[in-house]
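Next up, final_4.cif (mmCIF, C-alpha atoms):
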```
data_input
loop_
_atom_site.group_PDB
_atom_site.id
_atom_site.type_symbol
_atom_site.label_atom_id
_atom_site.label_comp_id
_atom_site.auth_asym_id
_atom_site.auth_seq_id
_atom_site.Cartn_x
_atom_site.Cartn_y
_atom_site.Cartn_z
ATOM 1 C CA TYR A 258 -20.200 -4.326 -24.383
ATOM 2 C CA MET A 259 -23.260 -3.250 -22.459
ATOM 3 C CA THR A 260 -24.872 -5.604 -20.035
ATOM 4 C CA TYR A 261 -28.511 -6.555 -20.196
ATOM 5 C CA GLN A 262 -30.936 -8.747 -18.275
ATOM 6 C CA ARG A 263 -29.987 -12.101 -19.795
ATOM 7 C CA PRO A 264 -31.694 -14.467 -17.282
ATOM 8 C CA GLU A 265 -34.910 -12.430 -17.403
ATOM 9 C CA LEU A 266 -34.848 -12.310 -21.218
ATOM 10 C CA LEU A 267 -34.285 -16.061 -21.478
ATOM 11 C CA LYS A 268 -37.128 -16.746 -19.036
ATOM 12 C CA HIS A 269 -39.414 -14.464 -21.045
ATOM 13 C CA ILE A 270 -38.472 -16.270 -24.275
ATOM 14 C CA ARG A 271 -38.979 -19.672 -22.704
ATOM 15 C CA ASP A 272 -42.382 -18.712 -21.286
ATOM 16 C CA GLN A 273 -43.722 -17.986 -24.763
ATOM 17 C CA PHE A 274 -41.698 -20.650 -26.676
ATOM 18 C CA LYS A 275 -44.039 -22.929 -28.644
ATOM 19 C CA ILE A 276 -41.764 -25.798 -29.731
ATOM 20 C CA ASP A 277 -39.398 -28.277 -28.050
ATOM 21 C CA TRP A 278 -36.952 -26.346 -25.854
ATOM 22 C CA HIS A 279 -34.448 -29.177 -26.450
ATOM 23 C CA GLY A 280 -35.247 -29.559 -30.159
ATOM 24 C CA ILE A 281 -33.275 -28.548 -33.254
ATOM 25 C CA HIS A 282 -34.299 -24.872 -32.921
ATOM 26 C CA GLY A 283 -34.145 -24.728 -29.126
ATOM 27 C CA ALA A 284 -31.711 -23.678 -26.433
ATOM 28 C CA ASN A 285 -28.809 -25.961 -27.462
ATOM 29 C CA HIS A 286 -28.884 -24.487 -30.972
ATOM 30 C CA TRP A 287 -28.914 -20.971 -29.528
ATOM 31 C CA ALA A 288 -25.886 -21.777 -27.354
ATOM 32 C CA ARG A 289 -23.915 -22.941 -30.401
ATOM 33 C CA VAL A 290 -25.033 -19.874 -32.392
ATOM 34 C CA LEU A 291 -23.854 -17.698 -29.494
ATOM 35 C CA HIS A 292 -20.491 -19.512 -29.397
ATOM 36 C CA HIS A 293 -19.912 -19.105 -33.146
ATOM 37 C CA GLY A 294 -21.288 -15.574 -33.172
ATOM 38 C CA GLN A 295 -18.968 -14.314 -30.458
ATOM 39 C CA ARG A 296 -15.909 -15.655 -32.277
ATOM 40 C CA ILE A 297 -16.944 -14.260 -35.651
ATOM 41 C CA ALA A 298 -18.130 -10.912 -34.274
ATOM 42 C CA LYS A 299 -14.813 -10.348 -32.484
ATOM 43 C CA ALA A 300 -12.853 -11.184 -35.637
ATOM 44 C CA ARG A 301 -15.055 -8.891 -37.749
ATOM 45 C CA GLU A 302 -15.379 -6.111 -35.114
ATOM 46 C CA ALA A 303 -19.151 -6.501 -35.201
ATOM 47 C CA ASP A 304 -21.598 -5.504 -32.463
ATOM 48 C CA LEU A 305 -21.261 -8.246 -29.858
ATOM 49 C CA LEU A 306 -24.483 -7.374 -28.046
ATOM 50 C CA VAL A 307 -26.580 -7.531 -31.224
ATOM 51 C CA VAL A 308 -24.965 -10.864 -32.179
ATOM 52 C CA GLU A 309 -25.656 -12.289 -28.715
ATOM 53 C CA LEU A 310 -29.275 -11.148 -28.725
ATOM 54 C CA PHE A 311 -29.695 -12.606 -32.218
ATOM 55 C CA ALA A 312 -28.562 -16.013 -30.901
ATOM 56 C CA PHE A 313 -31.356 -16.048 -28.328
ATOM 57 C CA LEU A 314 -34.094 -14.390 -30.381
ATOM 58 C CA HIS A 315 -33.757 -15.574 -33.988
ATOM 59 C CA ASP A 316 -35.789 -18.796 -33.552
ATOM 60 C CA SER A 317 -37.731 -17.699 -30.459
ATOM 61 C CA CYS A 318 -41.070 -17.397 -32.259
ATOM 62 C CA ARG A 319 -41.111 -20.588 -34.314
ATOM 63 C CA LEU A 320 -44.360 -22.512 -34.408
ATOM 64 C CA ASP A 321 -42.723 -25.732 -35.594
ATOM 65 C CA ASP A 322 -39.282 -27.157 -36.379
ATOM 66 C CA TYR A 323 -39.897 -27.588 -40.094
ATOM 67 C CA ARG A 324 -41.519 -25.203 -42.524
ATOM 68 C CA ASP A 325 -42.236 -21.881 -40.816
ATOM 69 C CA PRO A 326 -41.518 -19.111 -43.322
ATOM 70 C CA LEU A 327 -42.782 -16.274 -41.099
ATOM 71 C CA HIS A 328 -40.788 -17.168 -37.963
ATOM 72 C CA GLY A 329 -38.156 -14.543 -38.735
ATOM 73 C CA GLU A 330 -40.764 -11.838 -39.100
ATOM 74 C CA ARG A 331 -42.430 -12.849 -35.806
ATOM 75 C CA GLY A 332 -39.026 -13.024 -34.112
ATOM 76 C CA ALA A 333 -38.122 -9.521 -35.305
ATOM 77 C CA GLU A 334 -41.429 -8.159 -33.981
ATOM 78 C CA PHE A 335 -40.840 -9.936 -30.669
ATOM 79 C CA ALA A 336 -37.293 -8.494 -30.398
ATOM 80 C CA TYR A 337 -38.570 -5.011 -31.208
ATOM 81 C CA GLY A 338 -41.218 -5.371 -28.506
ATOM 82 C CA VAL A 339 -38.808 -6.379 -25.727
ATOM 83 C CA ASN A 340 -36.202 -3.669 -26.477
ATOM 84 C CA GLY A 341 -36.287 -1.312 -23.502
ATOM 85 C CA GLN A 342 -37.539 -4.090 -21.247
ATOM 86 C CA PHE A 343 -34.654 -6.617 -21.085
ATOM 87 C CA PHE A 344 -32.031 -4.764 -23.161
ATOM 88 C CA HIS A 345 -31.601 -1.235 -24.495
ATOM 89 C CA LEU A 346 -30.472 -0.955 -28.104
ATOM 90 C CA ASP A 347 -30.180 2.318 -29.973
ATOM 91 C CA GLY A 348 -31.968 2.732 -33.295
ATOM 92 C CA LYS A 349 -29.143 1.398 -35.478
ATOM 93 C CA GLN A 350 -28.549 -1.621 -33.229
ATOM 94 C CA LEU A 351 -32.255 -2.440 -33.127
ATOM 95 C CA ASP A 352 -32.527 -2.091 -36.912
ATOM 96 C CA ASN A 353 -29.570 -4.469 -37.364
ATOM 97 C CA LEU A 354 -30.970 -6.994 -34.887
ATOM 98 C CA CYS A 355 -34.459 -6.986 -36.364
ATOM 99 C CA PHE A 356 -33.193 -7.154 -39.955
ATOM 100 C CA ALA A 357 -30.872 -10.057 -39.073
ATOM 101 C CA ILE A 358 -33.699 -11.958 -37.353
ATOM 102 C CA LYS A 359 -36.302 -11.240 -40.033
ATOM 103 C CA HIS A 360 -34.069 -12.390 -42.910
ATOM 104 C CA HIS A 361 -31.868 -15.061 -41.263
ATOM 105 C CA SER A 362 -33.308 -18.024 -43.136
ATOM 106 C CA GLY A 363 -33.500 -16.406 -46.575
ATOM 107 C CA GLY A 364 -30.007 -17.329 -47.771
ATOM 108 C CA ASP A 365 -28.952 -13.694 -48.150
ATOM 109 C CA VAL A 366 -25.475 -12.316 -47.531
ATOM 110 C CA SER A 367 -24.804 -8.858 -46.111
ATOM 111 C CA THR A 368 -21.960 -6.364 -46.257
ATOM 112 C CA ASN A 369 -22.953 -5.253 -42.738
ATOM 113 C CA PRO A 370 -20.484 -7.080 -40.450
ATOM 114 C CA THR A 371 -22.972 -7.366 -37.571
ATOM 115 C CA ILE A 372 -25.814 -8.757 -39.694
ATOM 116 C CA GLN A 373 -23.529 -11.188 -41.527
ATOM 117 C CA SER A 374 -21.962 -12.311 -38.231
ATOM 118 C CA CYS A 375 -25.469 -13.217 -37.010
ATOM 119 C CA TRP A 376 -26.223 -15.176 -40.160
ATOM 120 C CA ASP A 377 -22.786 -16.832 -40.139
ATOM 121 C CA ALA A 378 -23.302 -17.997 -36.559
ATOM 122 C CA ASP A 379 -26.664 -19.573 -37.384
ATOM 123 C CA ARG A 380 -25.436 -21.165 -40.621
ATOM 124 C CA LEU A 381 -22.388 -22.660 -38.934
ATOM 125 C CA ASP A 382 -24.783 -24.786 -36.867
ATOM 126 C CA LEU A 383 -26.383 -26.437 -39.917
ATOM 127 C CA GLY A 384 -24.410 -29.577 -39.033
ATOM 128 C CA ARG A 385 -27.092 -30.378 -36.444
ATOM 129 C CA VAL A 386 -29.411 -31.218 -39.365
ATOM 130 C CA GLY A 387 -26.692 -32.895 -41.446
ATOM 131 C CA ILE A 388 -25.895 -29.932 -43.710
ATOM 132 C CA ILE A 389 -22.350 -28.666 -44.236
ATOM 133 C CA PRO A 390 -22.539 -24.867 -44.598
ATOM 134 C CA SER A 391 -21.476 -23.394 -47.940
ATOM 135 C CA PRO A 392 -18.733 -20.747 -47.933
ATOM 136 C CA ARG A 393 -20.800 -18.853 -50.542
ATOM 137 C CA PHE A 394 -23.169 -17.790 -47.762
ATOM 138 C CA LEU A 395 -20.520 -17.089 -45.112
ATOM 139 C CA SER A 396 -17.989 -14.381 -44.394
ATOM 140 C CA GLU A 397 -14.329 -15.231 -44.861
ATOM 141 C CA GLU A 398 -13.912 -15.428 -41.063
ATOM 142 C CA ALA A 399 -16.802 -17.872 -40.708
ATOM 143 C CA SER A 400 -15.684 -20.012 -43.661
ATOM 144 C CA LYS A 401 -12.512 -20.866 -41.723
ATOM 145 C CA LEU A 402 -14.677 -22.403 -38.985
ATOM 146 C CA ILE A 403 -16.857 -24.713 -41.129
ATOM 147 C CA ASP A 404 -15.126 -28.024 -40.342
ATOM 148 C CA GLU A 405 -14.760 -27.319 -36.634
ATOM 149 C CA ALA A 406 -18.364 -26.072 -36.360
ATOM 150 C CA PHE A 407 -19.727 -29.094 -38.208
ATOM 151 C CA ASP A 408 -17.912 -31.459 -35.851
ATOM 152 C CA TRP A 409 -19.119 -29.458 -32.842
ATOM 153 C CA SER A 410 -22.770 -29.361 -33.921
ATOM 154 C CA ILE A 411 -23.025 -33.103 -34.556
ATOM 155 C CA GLN A 412 -21.346 -33.924 -31.222
ATOM 156 C CA SER A 413 -23.359 -31.613 -28.952
#
```
Do you think you could lay out the structure here as structure tokens?
Amino acid sequence: YMTYQRPELLKHIRDQFKIDWHGIHGANHWARVLHHGQRIAKAREADLLVVELFAFLHDSCRLDDYRDPLHGERGAEFAYGVNGQFFHLDGKQLDNLCFAIKHHSGGDVSTNPTIQSCWDADRLDLGRVGIIPSPRFLSEEASKLIDEAFDWSIQS
């Protein structure tokens, strides 16, 4: 898939990041979301670039690690604002990315393989906070990874 300015994007995110970079919604979480997202997106033939950008952007605008119901909305606005600067998504890709970010913590499921791959990737890392993800909120491809992802998130 298309390349983009990953180091520059990550620096830009870090420069405005308000919570602990090494905390439960920080860079280590994003790395695990990226890992899960790439596997699921390939299996589901989803948009790999959108899934990767979701991993880095979905929690980028949190104000705290606990209750922050508007972080998805802020993250979607942030992603929209940096399109054309660090990456170049077309209208459909940008809509998918922003929708996935805005609604990632709402418990929804989507028939759109790219959006659901984003949500699957994030939900598979719930083990970091002691929660085993429910297959009800995951695609079939992601459900197969629950045990492995749970082990991985509590070890790393």
Given only C-alpha atoms as the basis, pick out the residue of A:Ile276, A:Ile297, A:Leu327, A:Ala357 nearest to Glu397 of chain A. A:Ile297
What does the structure give for the distance between atom CA of Pro370 of chain A and atom CA of Asp404 of chain A, in Å to one decimal? 21.6 Å
Once the PyMOL selection byres ((chain A and resi 281) around 10) has been applied to the shown file, what residues remain in the selection, as JSON, numbers by chain? {"A": [276, 277, 278, 279, 280, 282, 283, 284, 285, 286, 287, 322, 323, 382, 383, 385, 386]}
With the PyMOL selection byres ((chain A and resi 348-354) around 7) as the selection, what would be picked from this file? Answer as a PDB file with C-alpha atoms, in the coordinates of the input, please.
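Result written to expr.pdb:
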```pdb
ATOM      1  CA  VAL A 307     -26.580  -7.531 -31.224  1.00  0.00           C
ATOM      2  CA  PHE A 311     -29.695 -12.606 -32.218  1.00  0.00           C
ATOM      3  CA  LEU A 346     -30.472  -0.955 -28.104  1.00  0.00           C
ATOM      4  CA  ASP A 347     -30.180   2.318 -29.973  1.00  0.00           C
ATOM      5  CA  CYS A 355     -34.459  -6.986 -36.364  1.00  0.00           C
ATOM      6  CA  PHE A 356     -33.193  -7.154 -39.955  1.00  0.00           C
ATOM      7  CA  ALA A 357     -30.872 -10.057 -39.073  1.00  0.00           C
ATOM      8  CA  ILE A 358     -33.699 -11.958 -37.353  1.00  0.00           C
ATOM      9  CA  ILE A 372     -25.814  -8.757 -39.694  1.00  0.00           C
TER      10      ILE A 372
END
```
Exactly which residues make up the result of the PyMOL selection byres ((chain A and resi 261) around 7) on this file, given as a list in words? Met259, Thr260, Gln262, Arg263, Phe343 and Phe344 of chain A
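Atom pair atom CA of Glu302 of chain A / atom CA of Leu395 of chain A: separated by 15.7 Å.
Each of A:Val290, A:Ala399, A:Leu266, A:Leu306 was checked against Gly338 of chain A using only C-alpha atoms; the smallest atom-to-atom distance is that of A:Leu266.
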Within 10 Å of Glu334 of chain A, counting only C-alpha atoms, which residues show up once you throw out same-chain ones fewer than 5 positions away? Write them as an mmCIF file with C-alpha atoms, in the frame of the given file, please.
```cif
data_model
loop_
_atom_site.group_PDB
_atom_site.id
_atom_site.type_symbol
_atom_site.label_atom_id
_atom_site.label_comp_id
_atom_site.auth_asym_id
_atom_site.auth_seq_id
_atom_site.Cartn_x
_atom_site.Cartn_y
_atom_site.Cartn_z
ATOM 1 C CA CYS A 318 -41.070 -17.397 -32.259
ATOM 2 C CA HIS A 328 -40.788 -17.168 -37.963
ATOM 3 C CA GLY A 329 -38.156 -14.543 -38.735
ATOM 4 C CA VAL A 339 -38.808 -6.379 -25.727
ATOM 5 C CA CYS A 355 -34.459 -6.986 -36.364
ATOM 6 C CA ILE A 358 -33.699 -11.958 -37.353
ATOM 7 C CA LYS A 359 -36.302 -11.240 -40.033
#
```
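Take atom CA of Ser400 of chain A and atom CA of Arg319 of chain A: the distance between them is 27.1 Å.
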Find the residues near Asp365 of chain A: any atom within 9 Å, counting all atoms listed in the file, skip ones fewer than 3 places away on the same chain, and give them as a list in words. His360, His361, Ser362, Gln373, Trp376 and Phe394 of chain A
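Closest approach to Ala298 of chain A among A:Ile403, A:Ile388, A:Ile270, A:Cys375 is made by A:Cys375 (distances from only C-alpha atoms).
Proximity to Glu309 of chain A at 8 Å, evaluated using only C-alpha atoms and with sequence-adjacent residues fewer than 3 positions away removed, yields Leu291, Gly294, Gln295, Leu305, Leu306, Ala312 and Phe313 of chain A.
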How would the residues just picked look written out with C-alpha atoms as a PDB file, keeping the file's coordinate frame?
```pdb
ATOM      1  CA  LEU A 291     -23.854 -17.698 -29.494  1.00  0.00           C
ATOM      2  CA  GLY A 294     -21.288 -15.574 -33.172  1.00  0.00           C
ATOM      3  CA  GLN A 295     -18.968 -14.314 -30.458  1.00  0.00           C
ATOM      4  CA  LEU A 305     -21.261  -8.246 -29.858  1.00  0.00           C
ATOM      5  CA  LEU A 306     -24.483  -7.374 -28.046  1.00  0.00           C
ATOM      6  CA  ALA A 312     -28.562 -16.013 -30.901  1.00  0.00           C
ATOM      7  CA  PHE A 313     -31.356 -16.048 -28.328  1.00  0.00           C
TER       8      PHE A 313
END
```
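Restricting the calculation to only C-alpha atoms, the smallest distance between Leu310 of chain A and any of A:Asp377, A:Pro392, A:Asn340, A:Glu330 is found for A:Asn340.
Proximity ranking of A:Lys275, A:Arg301, A:His292, A:His345 relative to Asp321 of chain A places A:Lys275 first, based on only C-alpha atoms.
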Quick one: of A:Pro390, A:Gly384, A:His293, A:Pro264, who's nearest to Gly364 of chain A, counting all atoms listed in the file? A:Pro390
For segment 294-305 of chain A, where the input has fewer atoms than it should, I would like all heavy atoms rebuilt and written as a compact mmCIF listing (two decimals), keeping the file's coordinate frame.
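Once everything was written out, this is part32.txt:
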```
# COMPACT_ATOMS: atom_id res chain seq x y z
N GLY A 294 -21.10 -17.01 -32.96
CA GLY A 294 -21.29 -15.57 -33.17
C GLY A 294 -20.28 -14.72 -32.44
O GLY A 294 -19.78 -13.73 -32.99
N GLN A 295 -19.95 -15.08 -31.21
CA GLN A 295 -18.97 -14.31 -30.46
C GLN A 295 -17.61 -14.36 -31.14
O GLN A 295 -16.93 -13.33 -31.24
CB GLN A 295 -18.88 -14.83 -29.02
CG GLN A 295 -20.10 -14.45 -28.20
CD GLN A 295 -20.12 -15.09 -26.83
OE1 GLN A 295 -19.63 -16.20 -26.62
NE2 GLN A 295 -20.71 -14.40 -25.86
N ARG A 296 -17.21 -15.53 -31.60
CA ARG A 296 -15.91 -15.66 -32.28
C ARG A 296 -15.86 -14.84 -33.57
O ARG A 296 -14.90 -14.13 -33.83
CB ARG A 296 -15.61 -17.11 -32.59
CG ARG A 296 -15.32 -17.93 -31.34
CD ARG A 296 -15.02 -19.36 -31.66
NE ARG A 296 -13.79 -19.51 -32.41
CZ ARG A 296 -13.36 -20.67 -32.92
NH1 ARG A 296 -14.08 -21.75 -32.77
NH2 ARG A 296 -12.23 -20.73 -33.58
N ILE A 297 -16.91 -14.95 -34.36
CA ILE A 297 -16.94 -14.26 -35.65
C ILE A 297 -17.05 -12.75 -35.44
O ILE A 297 -16.35 -11.97 -36.09
CB ILE A 297 -18.12 -14.78 -36.51
CG1 ILE A 297 -17.91 -16.25 -36.84
CG2 ILE A 297 -18.25 -13.97 -37.79
CD1 ILE A 297 -19.19 -16.96 -37.27
N ALA A 298 -17.92 -12.34 -34.52
CA ALA A 298 -18.13 -10.91 -34.27
C ALA A 298 -16.85 -10.24 -33.79
O ALA A 298 -16.55 -9.11 -34.19
CB ALA A 298 -19.25 -10.70 -33.27
N LYS A 299 -16.09 -10.92 -32.95
CA LYS A 299 -14.81 -10.35 -32.48
C LYS A 299 -13.85 -10.20 -33.65
O LYS A 299 -13.21 -9.17 -33.81
CB LYS A 299 -14.20 -11.21 -31.38
CG LYS A 299 -14.89 -11.04 -30.05
CD LYS A 299 -14.34 -11.97 -28.98
CE LYS A 299 -15.18 -11.88 -27.72
NZ LYS A 299 -15.03 -13.05 -26.85
N ALA A 300 -13.77 -11.23 -34.49
CA ALA A 300 -12.85 -11.18 -35.64
C ALA A 300 -13.26 -10.10 -36.63
O ALA A 300 -12.40 -9.49 -37.27
CB ALA A 300 -12.82 -12.55 -36.32
N ARG A 301 -14.55 -9.85 -36.75
CA ARG A 301 -15.06 -8.89 -37.75
C ARG A 301 -15.34 -7.52 -37.14
O ARG A 301 -15.83 -6.64 -37.83
CB ARG A 301 -16.33 -9.43 -38.39
CG ARG A 301 -16.15 -10.80 -39.01
CD ARG A 301 -17.29 -11.17 -39.91
NE ARG A 301 -17.07 -10.50 -41.19
CZ ARG A 301 -18.04 -10.04 -41.99
NH1 ARG A 301 -19.30 -10.17 -41.65
NH2 ARG A 301 -17.75 -9.47 -43.12
N GLU A 302 -15.09 -7.36 -35.83
CA GLU A 302 -15.38 -6.11 -35.11
C GLU A 302 -16.85 -5.72 -35.27
O GLU A 302 -17.19 -4.57 -35.53
CB GLU A 302 -14.43 -4.99 -35.56
CG GLU A 302 -12.98 -5.32 -35.22
CD GLU A 302 -12.01 -4.22 -35.63
OE1 GLU A 302 -12.45 -3.16 -36.12
OE2 GLU A 302 -10.81 -4.44 -35.44
N ALA A 303 -17.71 -6.72 -35.13
CA ALA A 303 -19.15 -6.50 -35.20
C ALA A 303 -19.69 -6.19 -33.80
O ALA A 303 -18.96 -6.26 -32.82
CB ALA A 303 -19.82 -7.76 -35.77
N ASP A 304 -20.95 -5.86 -33.73
CA ASP A 304 -21.60 -5.50 -32.46
C ASP A 304 -21.91 -6.78 -31.68
O ASP A 304 -22.83 -7.52 -32.02
CB ASP A 304 -22.88 -4.72 -32.77
CG ASP A 304 -23.54 -4.14 -31.52
OD1 ASP A 304 -23.57 -4.84 -30.47
OD2 ASP A 304 -24.06 -3.02 -31.61
N LEU A 305 -21.14 -7.00 -30.63
CA LEU A 305 -21.26 -8.25 -29.86
C LEU A 305 -22.62 -8.39 -29.18
O LEU A 305 -23.14 -9.50 -29.07
CB LEU A 305 -20.15 -8.32 -28.81
CG LEU A 305 -18.76 -8.62 -29.36
CD1 LEU A 305 -17.70 -8.24 -28.33
CD2 LEU A 305 -18.63 -10.09 -29.73
```
